[in-house]
$ cat input_34.cif   # mmCIF, N, CA and C atoms
data_coords
#
loop_
_atom_site.label_atom_id
_atom_site.label_comp_id
_atom_site.auth_asym_id
_atom_site.auth_seq_id
_atom_site.Cartn_x
_atom_site.Cartn_y
_atom_site.Cartn_z
N MET A 19 0.20 -8.00 -29.74
CA MET A 19 -0.01 -8.78 -28.53
C MET A 19 1.03 -8.39 -27.49
N VAL A 20 0.61 -8.19 -26.25
CA VAL A 20 1.50 -7.80 -25.17
C VAL A 20 2.04 -9.05 -24.49
N ASP A 21 3.35 -9.08 -24.29
CA ASP A 21 3.98 -10.20 -23.60
C ASP A 21 3.81 -9.99 -22.10
N SER A 22 3.00 -10.85 -21.46
CA SER A 22 2.72 -10.67 -20.04
C SER A 22 3.96 -10.86 -19.18
N LYS A 23 4.95 -11.63 -19.66
CA LYS A 23 6.18 -11.82 -18.89
C LYS A 23 6.97 -10.52 -18.79
N SER A 24 6.87 -9.67 -19.81
CA SER A 24 7.63 -8.42 -19.79
C SER A 24 7.10 -7.47 -18.71
N SER A 25 5.85 -7.65 -18.29
CA SER A 25 5.31 -6.78 -17.26
C SER A 25 5.40 -7.42 -15.88
N PHE A 26 6.00 -8.61 -15.79
CA PHE A 26 6.18 -9.29 -14.51
C PHE A 26 7.45 -8.75 -13.88
N LYS A 27 7.32 -8.20 -12.68
CA LYS A 27 8.44 -7.50 -12.04
C LYS A 27 8.61 -7.95 -10.59
N ARG A 28 9.71 -7.47 -10.01
CA ARG A 28 10.01 -7.66 -8.59
C ARG A 28 10.28 -6.28 -8.01
N VAL A 29 9.75 -6.04 -6.84
CA VAL A 29 10.01 -4.79 -6.15
C VAL A 29 10.44 -5.11 -4.73
N GLU A 30 11.45 -4.38 -4.28
CA GLU A 30 11.88 -4.46 -2.88
C GLU A 30 11.69 -3.07 -2.30
N ALA A 31 11.01 -3.01 -1.15
CA ALA A 31 10.71 -1.72 -0.54
C ALA A 31 11.04 -1.77 0.94
N SER A 32 11.53 -0.65 1.44
CA SER A 32 11.82 -0.50 2.86
C SER A 32 11.07 0.73 3.35
N TYR A 33 10.29 0.54 4.40
CA TYR A 33 9.47 1.60 4.97
C TYR A 33 9.97 1.92 6.36
N SER A 34 10.20 3.19 6.64
CA SER A 34 10.61 3.60 7.98
C SER A 34 9.62 4.61 8.53
N GLY A 35 9.69 4.79 9.83
CA GLY A 35 8.75 5.65 10.53
C GLY A 35 8.07 4.84 11.62
N ARG A 36 6.81 5.14 11.85
CA ARG A 36 6.03 4.37 12.83
C ARG A 36 5.25 3.30 12.06
N VAL A 37 5.99 2.33 11.51
CA VAL A 37 5.38 1.32 10.64
C VAL A 37 5.27 -0.05 11.30
N GLN A 38 5.80 -0.19 12.50
CA GLN A 38 5.61 -1.45 13.24
C GLN A 38 4.55 -1.23 14.30
N GLY A 39 3.73 -2.24 14.50
CA GLY A 39 2.67 -2.15 15.50
C GLY A 39 1.43 -1.42 15.03
N VAL A 40 1.31 -1.18 13.73
CA VAL A 40 0.15 -0.48 13.17
C VAL A 40 -0.61 -1.33 12.16
N GLY A 41 -0.26 -2.63 12.07
CA GLY A 41 -0.95 -3.52 11.14
C GLY A 41 -0.39 -3.49 9.73
N PHE A 42 0.80 -2.95 9.56
CA PHE A 42 1.39 -2.81 8.22
C PHE A 42 1.54 -4.16 7.53
N ARG A 43 2.16 -5.12 8.21
CA ARG A 43 2.42 -6.43 7.58
C ARG A 43 1.13 -7.15 7.20
N PHE A 44 0.15 -7.11 8.09
CA PHE A 44 -1.10 -7.80 7.82
C PHE A 44 -1.87 -7.13 6.69
N THR A 45 -1.82 -5.80 6.63
CA THR A 45 -2.45 -5.07 5.53
C THR A 45 -1.75 -5.39 4.22
N ALA A 46 -0.41 -5.41 4.23
CA ALA A 46 0.35 -5.73 3.02
C ALA A 46 0.00 -7.12 2.52
N GLN A 47 -0.10 -8.08 3.45
CA GLN A 47 -0.43 -9.44 3.05
C GLN A 47 -1.83 -9.52 2.43
N LYS A 48 -2.79 -8.87 3.05
CA LYS A 48 -4.16 -8.89 2.54
C LYS A 48 -4.24 -8.25 1.15
N LEU A 49 -3.60 -7.11 0.99
CA LEU A 49 -3.60 -6.43 -0.31
C LEU A 49 -2.89 -7.26 -1.37
N ALA A 50 -1.74 -7.84 -1.01
CA ALA A 50 -0.96 -8.63 -1.96
C ALA A 50 -1.75 -9.84 -2.43
N GLU A 51 -2.39 -10.53 -1.50
CA GLU A 51 -3.18 -11.71 -1.88
C GLU A 51 -4.32 -11.32 -2.80
N HIS A 52 -4.96 -10.19 -2.54
CA HIS A 52 -6.06 -9.71 -3.39
C HIS A 52 -5.56 -9.36 -4.80
N LEU A 53 -4.33 -8.89 -4.90
CA LEU A 53 -3.76 -8.48 -6.19
C LEU A 53 -2.95 -9.58 -6.87
N ASP A 54 -2.95 -10.79 -6.32
CA ASP A 54 -2.20 -11.92 -6.87
C ASP A 54 -0.70 -11.63 -6.92
N ILE A 55 -0.20 -11.09 -5.83
CA ILE A 55 1.22 -10.78 -5.69
C ILE A 55 1.84 -11.79 -4.73
N LYS A 56 3.02 -12.26 -5.07
CA LYS A 56 3.74 -13.23 -4.23
C LYS A 56 4.95 -12.55 -3.61
N GLY A 57 5.38 -13.06 -2.44
CA GLY A 57 6.57 -12.51 -1.80
C GLY A 57 6.46 -12.56 -0.29
N TRP A 58 6.99 -11.55 0.37
CA TRP A 58 6.95 -11.51 1.84
C TRP A 58 7.12 -10.10 2.36
N VAL A 59 6.80 -9.97 3.65
CA VAL A 59 6.98 -8.71 4.37
C VAL A 59 7.43 -9.06 5.78
N LYS A 60 8.34 -8.25 6.34
CA LYS A 60 8.81 -8.52 7.69
C LYS A 60 9.25 -7.24 8.38
N ASN A 61 9.16 -7.28 9.71
CA ASN A 61 9.70 -6.20 10.53
C ASN A 61 11.21 -6.36 10.63
N LEU A 62 11.92 -5.25 10.62
CA LEU A 62 13.37 -5.26 10.79
C LEU A 62 13.73 -4.78 12.19
N PRO A 63 14.87 -5.20 12.71
CA PRO A 63 15.28 -4.80 14.06
C PRO A 63 15.40 -3.28 14.25
N ASN A 64 15.64 -2.54 13.16
CA ASN A 64 15.81 -1.09 13.28
C ASN A 64 14.48 -0.32 13.29
N GLY A 65 13.35 -1.06 13.31
CA GLY A 65 12.04 -0.42 13.34
C GLY A 65 11.39 -0.24 11.99
N ALA A 66 12.11 -0.56 10.92
CA ALA A 66 11.57 -0.45 9.57
C ALA A 66 10.83 -1.73 9.20
N VAL A 67 10.15 -1.71 8.08
CA VAL A 67 9.49 -2.88 7.51
C VAL A 67 10.03 -3.07 6.10
N GLN A 68 10.37 -4.32 5.77
CA GLN A 68 10.87 -4.65 4.43
C GLN A 68 9.83 -5.49 3.72
N LEU A 69 9.65 -5.18 2.43
CA LEU A 69 8.70 -5.90 1.59
C LEU A 69 9.42 -6.33 0.32
N VAL A 70 9.24 -7.58 -0.08
CA VAL A 70 9.74 -8.10 -1.34
C VAL A 70 8.55 -8.73 -2.04
N ALA A 71 8.26 -8.28 -3.25
CA ALA A 71 7.05 -8.73 -3.92
C ALA A 71 7.27 -8.90 -5.41
N GLU A 72 6.59 -9.89 -5.98
CA GLU A 72 6.63 -10.13 -7.41
C GLU A 72 5.22 -10.27 -7.95
N GLY A 73 5.01 -9.71 -9.12
CA GLY A 73 3.71 -9.78 -9.77
C GLY A 73 3.72 -8.88 -10.98
N SER A 74 2.54 -8.62 -11.52
CA SER A 74 2.48 -7.71 -12.67
C SER A 74 2.87 -6.31 -12.20
N GLU A 75 3.49 -5.57 -13.08
CA GLU A 75 3.92 -4.21 -12.72
C GLU A 75 2.74 -3.37 -12.28
N ASP A 76 1.61 -3.51 -12.96
CA ASP A 76 0.41 -2.75 -12.60
C ASP A 76 -0.03 -3.07 -11.17
N ASN A 77 -0.08 -4.37 -10.84
CA ASN A 77 -0.53 -4.76 -9.50
C ASN A 77 0.48 -4.37 -8.42
N LEU A 78 1.76 -4.43 -8.74
CA LEU A 78 2.77 -3.99 -7.78
C LEU A 78 2.62 -2.49 -7.51
N ASN A 79 2.38 -1.72 -8.55
CA ASN A 79 2.16 -0.28 -8.37
C ASN A 79 0.90 -0.02 -7.54
N LYS A 80 -0.14 -0.83 -7.75
CA LYS A 80 -1.36 -0.70 -6.94
C LYS A 80 -1.06 -1.00 -5.48
N LEU A 81 -0.30 -2.08 -5.22
CA LEU A 81 0.06 -2.44 -3.85
C LEU A 81 0.82 -1.30 -3.18
N LEU A 82 1.84 -0.79 -3.85
CA LEU A 82 2.64 0.29 -3.28
C LEU A 82 1.79 1.53 -3.03
N GLY A 83 0.94 1.86 -3.98
CA GLY A 83 0.07 3.02 -3.83
C GLY A 83 -0.91 2.88 -2.68
N GLN A 84 -1.49 1.68 -2.53
CA GLN A 84 -2.45 1.46 -1.45
C GLN A 84 -1.76 1.49 -0.09
N LEU A 85 -0.56 0.91 -0.01
CA LEU A 85 0.18 0.97 1.26
C LEU A 85 0.54 2.41 1.60
N ASN A 86 1.00 3.17 0.60
CA ASN A 86 1.34 4.57 0.83
C ASN A 86 0.12 5.37 1.30
N ALA A 87 -1.03 5.13 0.68
CA ALA A 87 -2.24 5.86 1.05
C ALA A 87 -2.69 5.48 2.46
N HIS A 88 -2.65 4.20 2.77
CA HIS A 88 -3.15 3.73 4.07
C HIS A 88 -2.26 4.15 5.23
N PHE A 89 -0.94 4.16 5.01
CA PHE A 89 0.00 4.42 6.10
C PHE A 89 0.76 5.74 5.94
N LYS A 90 0.25 6.65 5.13
CA LYS A 90 0.98 7.90 4.84
C LYS A 90 1.32 8.69 6.10
N ASP A 91 0.47 8.64 7.10
CA ASP A 91 0.72 9.40 8.33
C ASP A 91 1.76 8.72 9.23
N ASP A 92 2.06 7.44 8.95
CA ASP A 92 3.01 6.69 9.77
C ASP A 92 4.40 6.60 9.15
N MET A 93 4.49 6.83 7.84
CA MET A 93 5.75 6.67 7.13
C MET A 93 6.60 7.93 7.18
N GLU A 94 7.90 7.72 7.36
CA GLU A 94 8.84 8.84 7.25
C GLU A 94 9.63 8.74 5.96
N ASP A 95 9.96 7.50 5.55
CA ASP A 95 10.77 7.31 4.35
C ASP A 95 10.39 5.98 3.70
N VAL A 96 10.38 5.99 2.37
CA VAL A 96 10.12 4.77 1.60
C VAL A 96 11.23 4.67 0.56
N ARG A 97 11.86 3.52 0.53
CA ARG A 97 12.89 3.26 -0.49
C ARG A 97 12.43 2.09 -1.34
N ILE A 98 12.37 2.33 -2.66
CA ILE A 98 11.85 1.34 -3.60
C ILE A 98 12.95 0.98 -4.58
N SER A 99 13.08 -0.32 -4.84
CA SER A 99 14.05 -0.81 -5.82
C SER A 99 13.35 -1.82 -6.73
N TRP A 100 13.32 -1.53 -8.03
CA TRP A 100 12.74 -2.46 -9.01
C TRP A 100 13.83 -3.38 -9.51
N GLN A 101 13.50 -4.67 -9.61
CA GLN A 101 14.49 -5.67 -10.01
C GLN A 101 13.85 -6.69 -10.95
N GLU A 102 14.71 -7.56 -11.47
CA GLU A 102 14.22 -8.67 -12.28
C GLU A 102 13.61 -9.71 -11.34
N PRO A 103 12.46 -10.29 -11.69
CA PRO A 103 11.83 -11.29 -10.83
C PRO A 103 12.62 -12.59 -10.79
N THR A 104 12.54 -13.28 -9.68
CA THR A 104 13.17 -14.59 -9.54
C THR A 104 12.15 -15.72 -9.63
N GLU A 105 10.88 -15.37 -9.47
CA GLU A 105 9.77 -16.33 -9.48
C GLU A 105 9.96 -17.44 -8.44
N GLU A 106 10.53 -17.09 -7.30
CA GLU A 106 10.80 -18.06 -6.24
C GLU A 106 9.63 -18.22 -5.27
N PHE A 107 8.62 -17.36 -5.35
CA PHE A 107 7.55 -17.35 -4.36
C PHE A 107 6.30 -18.05 -4.87
N ARG A 108 5.60 -18.71 -3.97
CA ARG A 108 4.34 -19.38 -4.29
C ARG A 108 3.15 -18.64 -3.70
N GLU A 109 3.41 -17.82 -2.67
CA GLU A 109 2.36 -17.07 -1.99
C GLU A 109 2.99 -15.83 -1.35
N PHE A 110 2.18 -15.06 -0.65
CA PHE A 110 2.69 -13.89 0.05
C PHE A 110 2.63 -14.17 1.54
N ASN A 111 3.76 -14.08 2.20
CA ASN A 111 3.85 -14.44 3.62
C ASN A 111 4.35 -13.28 4.48
N ILE A 112 3.97 -13.35 5.74
CA ILE A 112 4.56 -12.49 6.76
C ILE A 112 5.67 -13.31 7.39
N ILE A 113 6.86 -12.75 7.42
CA ILE A 113 7.99 -13.42 8.06
C ILE A 113 8.13 -12.85 9.46
N PHE A 114 8.13 -13.73 10.43
CA PHE A 114 8.25 -13.33 11.83
C PHE A 114 9.65 -13.55 12.33
#
$ encode --input "input_34.cif" --output "structure tokens"
Amino acid sequence: MVDSKSSFKRVEASYSGRVQGVGFRFTAQKLAEHLDIKGWVKNLPNGAVQLVAEGSEDNLNKLLGQLNAHFKDDMEDVRISWQEPTEEFREFNIIF
């Protein structure tokens, strides 16, 4: 039997390039909600976008892959950090 808690993860990602003003946050929110991922996404003052998300490792990888595929022409750099989940989120929000 697989322990579902062991596959529950947290990922923090920072995207740079032309990632603001292209629908990145709204796309991330839509994808995250569809994949049952909780967390948030926000624009940073330096032009980057930060994402913090928790969910199953498989779904987090799907989210990251779909964002990369959708915005590949707009991204210059992606920094990903896997961490232990805090389970602090109830939904996925856009922070303004």
$ select_by_dssp --input "input_34.cif" --residues "chain A" --states "strand (DSSP E or B)" --output "VMD selection string"
chain A and resid 26 to 35 56 to 61 67 to 74 93 to 101 110 to 113
$ resolve_selection --input "input_34.cif" --expression "the PyMOL selection byres ((chain A and resi 72-80) around 8)" --output "JSON, numbers by chain"
{"A": [22, 24, 25, 26, 27, 28, 29, 30, 49, 50, 53, 54, 55, 56, 57, 58, 69, 70, 71, 81, 82, 83, 84, 85, 86, 103, 104, 105, 106, 107]}
$ select_by_dssp --input "input_34.cif" --residues "chain A" --states "helix (DSSP H, G or I)" --output "PDB file with N, CA and C atoms, in the coordinates of the input"
ATOM      1  N   SER A  22       3.000 -10.850 -21.460  1.00  0.00           N
ATOM      2  CA  SER A  22       2.720 -10.670 -20.040  1.00  0.00           C
ATOM      3  C   SER A  22       3.960 -10.860 -19.180  1.00  0.00           C
ATOM      4  N   LYS A  23       4.950 -11.630 -19.660  1.00  0.00           N
ATOM      5  CA  LYS A  23       6.180 -11.820 -18.890  1.00  0.00           C
ATOM      6  C   LYS A  23       6.970 -10.520 -18.790  1.00  0.00           C
ATOM      7  N   SER A  24       6.870  -9.670 -19.810  1.00  0.00           N
ATOM      8  CA  SER A  24       7.630  -8.420 -19.790  1.00  0.00           C
ATOM      9  C   SER A  24       7.100  -7.470 -18.710  1.00  0.00           C
ATOM     10  N   SER A  25       5.850  -7.650 -18.290  1.00  0.00           N
ATOM     11  CA  SER A  25       5.310  -6.780 -17.260  1.00  0.00           C
ATOM     12  C   SER A  25       5.400  -7.420 -15.880  1.00  0.00           C
ATOM     13  N   PHE A  42       0.800  -2.950   9.560  1.00  0.00           N
ATOM     14  CA  PHE A  42       1.390  -2.810   8.220  1.00  0.00           C
ATOM     15  C   PHE A  42       1.540  -4.160   7.530  1.00  0.00           C
ATOM     16  N   ARG A  43       2.160  -5.120   8.210  1.00  0.00           N
ATOM     17  CA  ARG A  43       2.420  -6.430   7.580  1.00  0.00           C
ATOM     18  C   ARG A  43       1.130  -7.150   7.200  1.00  0.00           C
ATOM     19  N   PHE A  44       0.150  -7.110   8.090  1.00  0.00           N
ATOM     20  CA  PHE A  44      -1.100  -7.800   7.820  1.00  0.00           C
ATOM     21  C   PHE A  44      -1.870  -7.130   6.690  1.00  0.00           C
ATOM     22  N   THR A  45      -1.820  -5.800   6.630  1.00  0.00           N
ATOM     23  CA  THR A  45      -2.450  -5.070   5.530  1.00  0.00           C
ATOM     24  C   THR A  45      -1.750  -5.390   4.220  1.00  0.00           C
ATOM     25  N   ALA A  46      -0.410  -5.410   4.230  1.00  0.00           N
ATOM     26  CA  ALA A  46       0.350  -5.730   3.020  1.00  0.00           C
ATOM     27  C   ALA A  46       0.000  -7.120   2.520  1.00  0.00           C
ATOM     28  N   GLN A  47      -0.100  -8.080   3.450  1.00  0.00           N
ATOM     29  CA  GLN A  47      -0.430  -9.440   3.050  1.00  0.00           C
ATOM     30  C   GLN A  47      -1.830  -9.520   2.430  1.00  0.00           C
ATOM     31  N   LYS A  48      -2.790  -8.870   3.050  1.00  0.00           N
ATOM     32  CA  LYS A  48      -4.160  -8.890   2.540  1.00  0.00           C
ATOM     33  C   LYS A  48      -4.240  -8.250   1.150  1.00  0.00           C
ATOM     34  N   LEU A  49      -3.600  -7.110   0.990  1.00  0.00           N
ATOM     35  CA  LEU A  49      -3.600  -6.430  -0.310  1.00  0.00           C
ATOM     36  C   LEU A  49      -2.890  -7.260  -1.370  1.00  0.00           C
ATOM     37  N   ALA A  50      -1.740  -7.840  -1.010  1.00  0.00           N
ATOM     38  CA  ALA A  50      -0.960  -8.630  -1.960  1.00  0.00           C
ATOM     39  C   ALA A  50      -1.750  -9.840  -2.430  1.00  0.00           C
ATOM     40  N   GLU A  51      -2.390 -10.530  -1.500  1.00  0.00           N
ATOM     41  CA  GLU A  51      -3.180 -11.710  -1.880  1.00  0.00           C
ATOM     42  C   GLU A  51      -4.320 -11.320  -2.800  1.00  0.00           C
ATOM     43  N   HIS A  52      -4.960 -10.190  -2.540  1.00  0.00           N
ATOM     44  CA  HIS A  52      -6.060  -9.710  -3.390  1.00  0.00           C
ATOM     45  C   HIS A  52      -5.560  -9.360  -4.800  1.00  0.00           C
ATOM     46  N   GLU A  75       3.490  -5.570 -13.080  1.00  0.00           N
ATOM     47  CA  GLU A  75       3.920  -4.210 -12.720  1.00  0.00           C
ATOM     48  C   GLU A  75       2.740  -3.370 -12.280  1.00  0.00           C
ATOM     49  N   ASP A  76       1.610  -3.510 -12.960  1.00  0.00           N
ATOM     50  CA  ASP A  76       0.410  -2.750 -12.600  1.00  0.00           C
ATOM     51  C   ASP A  76      -0.030  -3.070 -11.170  1.00  0.00           C
ATOM     52  N   ASN A  77      -0.080  -4.370 -10.840  1.00  0.00           N
ATOM     53  CA  ASN A  77      -0.530  -4.760  -9.500  1.00  0.00           C
ATOM     54  C   ASN A  77       0.480  -4.370  -8.420  1.00  0.00           C
ATOM     55  N   LEU A  78       1.760  -4.430  -8.740  1.00  0.00           N
ATOM     56  CA  LEU A  78       2.770  -3.990  -7.780  1.00  0.00           C
ATOM     57  C   LEU A  78       2.620  -2.490  -7.510  1.00  0.00           C
ATOM     58  N   ASN A  79       2.380  -1.720  -8.550  1.00  0.00           N
ATOM     59  CA  ASN A  79       2.160  -0.280  -8.370  1.00  0.00           C
ATOM     60  C   ASN A  79       0.900  -0.020  -7.540  1.00  0.00           C
ATOM     61  N   LYS A  80      -0.140  -0.830  -7.750  1.00  0.00           N
ATOM     62  CA  LYS A  80      -1.360  -0.700  -6.940  1.00  0.00           C
ATOM     63  C   LYS A  80      -1.060  -1.000  -5.480  1.00  0.00           C
ATOM     64  N   LEU A  81      -0.300  -2.080  -5.220  1.00  0.00           N
ATOM     65  CA  LEU A  81       0.060  -2.440  -3.850  1.00  0.00           C
ATOM     66  C   LEU A  81       0.820  -1.300  -3.180  1.00  0.00           C
ATOM     67  N   LEU A  82       1.840  -0.790  -3.850  1.00  0.00           N
ATOM     68  CA  LEU A  82       2.640   0.290  -3.280  1.00  0.00           C
ATOM     69  C   LEU A  82       1.790   1.530  -3.030  1.00  0.00           C
ATOM     70  N   GLY A  83       0.940   1.860  -3.980  1.00  0.00           N
ATOM     71  CA  GLY A  83       0.070   3.020  -3.830  1.00  0.00           C
ATOM     72  C   GLY A  83      -0.910   2.880  -2.680  1.00  0.00           C
ATOM     73  N   GLN A  84      -1.490   1.680  -2.530  1.00  0.00           N
ATOM     74  CA  GLN A  84      -2.450   1.460  -1.450  1.00  0.00           C
ATOM     75  C   GLN A  84      -1.760   1.490  -0.090  1.00  0.00           C
ATOM     76  N   LEU A  85      -0.560   0.910  -0.010  1.00  0.00           N
ATOM     77  CA  LEU A  85       0.180   0.970   1.260  1.00  0.00           C
ATOM     78  C   LEU A  85       0.540   2.410   1.600  1.00  0.00           C
ATOM     79  N   ASN A  86       1.000   3.170   0.600  1.00  0.00           N
ATOM     80  CA  ASN A  86       1.340   4.570   0.830  1.00  0.00           C
ATOM     81  C   ASN A  86       0.120   5.370   1.300  1.00  0.00           C
ATOM     82  N   ALA A  87      -1.030   5.130   0.680  1.00  0.00           N
ATOM     83  CA  ALA A  87      -2.240   5.860   1.050  1.00  0.00           C
ATOM     84  C   ALA A  87      -2.690   5.480   2.460  1.00  0.00           C
ATOM     85  N   HIS A  88      -2.650   4.200   2.770  1.00  0.00           N
ATOM     86  CA  HIS A  88      -3.150   3.730   4.070  1.00  0.00           C
ATOM     87  C   HIS A  88      -2.260   4.150   5.230  1.00  0.00           C
ATOM     88  N   PHE A  89      -0.940   4.160   5.010  1.00  0.00           N
ATOM     89  CA  PHE A  89       0.000   4.420   6.100  1.00  0.00           C
ATOM     90  C   PHE A  89       0.760   5.740   5.940  1.00  0.00           C
TER      91      PHE A  89
END
$ residues_around --input "input_34.cif" --residues "Glu94 in chain A" --least-positions-apart "6" --cutoff "10 Å" --atoms "only C-alpha atoms" --output "list in words"
Tyr33, Ser34, Gly35, Arg36, Val37 and Ala66 of chain A
$ atom_distance --input "input_34.cif" --atom1 "CA of His52 in chain A" --atom2 "CA of Phe89 in chain A"
18.1 Å
$ residues_around --input "input_34.cif" --residues "Val59 in chain A" --least-positions-apart "4" --cutoff "7 Å" --atoms "only C-alpha atoms" --output "PyMOL selection string"
chain A and resi 43+68-70+111-113
$ write_last_selection --input "input_34.cif" --atoms "N, CA and C atoms" --output "PDB file, in the coordinates of the input"
ATOM      1  N   ARG A  43       2.160  -5.120   8.210  1.00  0.00           N
ATOM      2  CA  ARG A  43       2.420  -6.430   7.580  1.00  0.00           C
ATOM      3  C   ARG A  43       1.130  -7.150   7.200  1.00  0.00           C
ATOM      4  N   GLN A  68      10.370  -4.320   5.770  1.00  0.00           N
ATOM      5  CA  GLN A  68      10.870  -4.650   4.430  1.00  0.00           C
ATOM      6  C   GLN A  68       9.830  -5.490   3.720  1.00  0.00           C
ATOM      7  N   LEU A  69       9.650  -5.180   2.430  1.00  0.00           N
ATOM      8  CA  LEU A  69       8.700  -5.900   1.590  1.00  0.00           C
ATOM      9  C   LEU A  69       9.420  -6.330   0.320  1.00  0.00           C
ATOM     10  N   VAL A  70       9.240  -7.580  -0.080  1.00  0.00           N
ATOM     11  CA  VAL A  70       9.740  -8.100  -1.340  1.00  0.00           C
ATOM     12  C   VAL A  70       8.550  -8.730  -2.040  1.00  0.00           C
ATOM     13  N   ASN A 111       3.760 -14.080   2.200  1.00  0.00           N
ATOM     14  CA  ASN A 111       3.850 -14.440   3.620  1.00  0.00           C
ATOM     15  C   ASN A 111       4.350 -13.280   4.480  1.00  0.00           C
ATOM     16  N   ILE A 112       3.970 -13.350   5.740  1.00  0.00           N
ATOM     17  CA  ILE A 112       4.560 -12.490   6.760  1.00  0.00           C
ATOM     18  C   ILE A 112       5.670 -13.310   7.390  1.00  0.00           C
ATOM     19  N   ILE A 113       6.860 -12.750   7.420  1.00  0.00           N
ATOM     20  CA  ILE A 113       7.990 -13.420   8.060  1.00  0.00           C
ATOM     21  C   ILE A 113       8.130 -12.850   9.460  1.00  0.00           C
TER      22      ILE A 113
END
$ resolve_selection --input "input_34.cif" --expression "the PyMOL selection byres (((chain A and resi 99 and name CA) around 7) and name CA)" --output "count of residues only"
7
$ closest_residue --input "input_34.cif" --among "A:Phe44, A:Gln38, A:Glu109, A:Ala87" --to "Gly65 in chain A" --atoms "all atoms listed in the file"
A:Gln38
$ atom_distance --input "input_34.cif" --atom1 "atom C of Asn61 in chain A" --atom2 "atom N of Phe114 in chain A"
8.0 Å
$ atom_distance --input "input_34.cif" --atom1 "atom C of Asn64 in chain A" --atom2 "CA of His88 in chain A"
20.3 Å
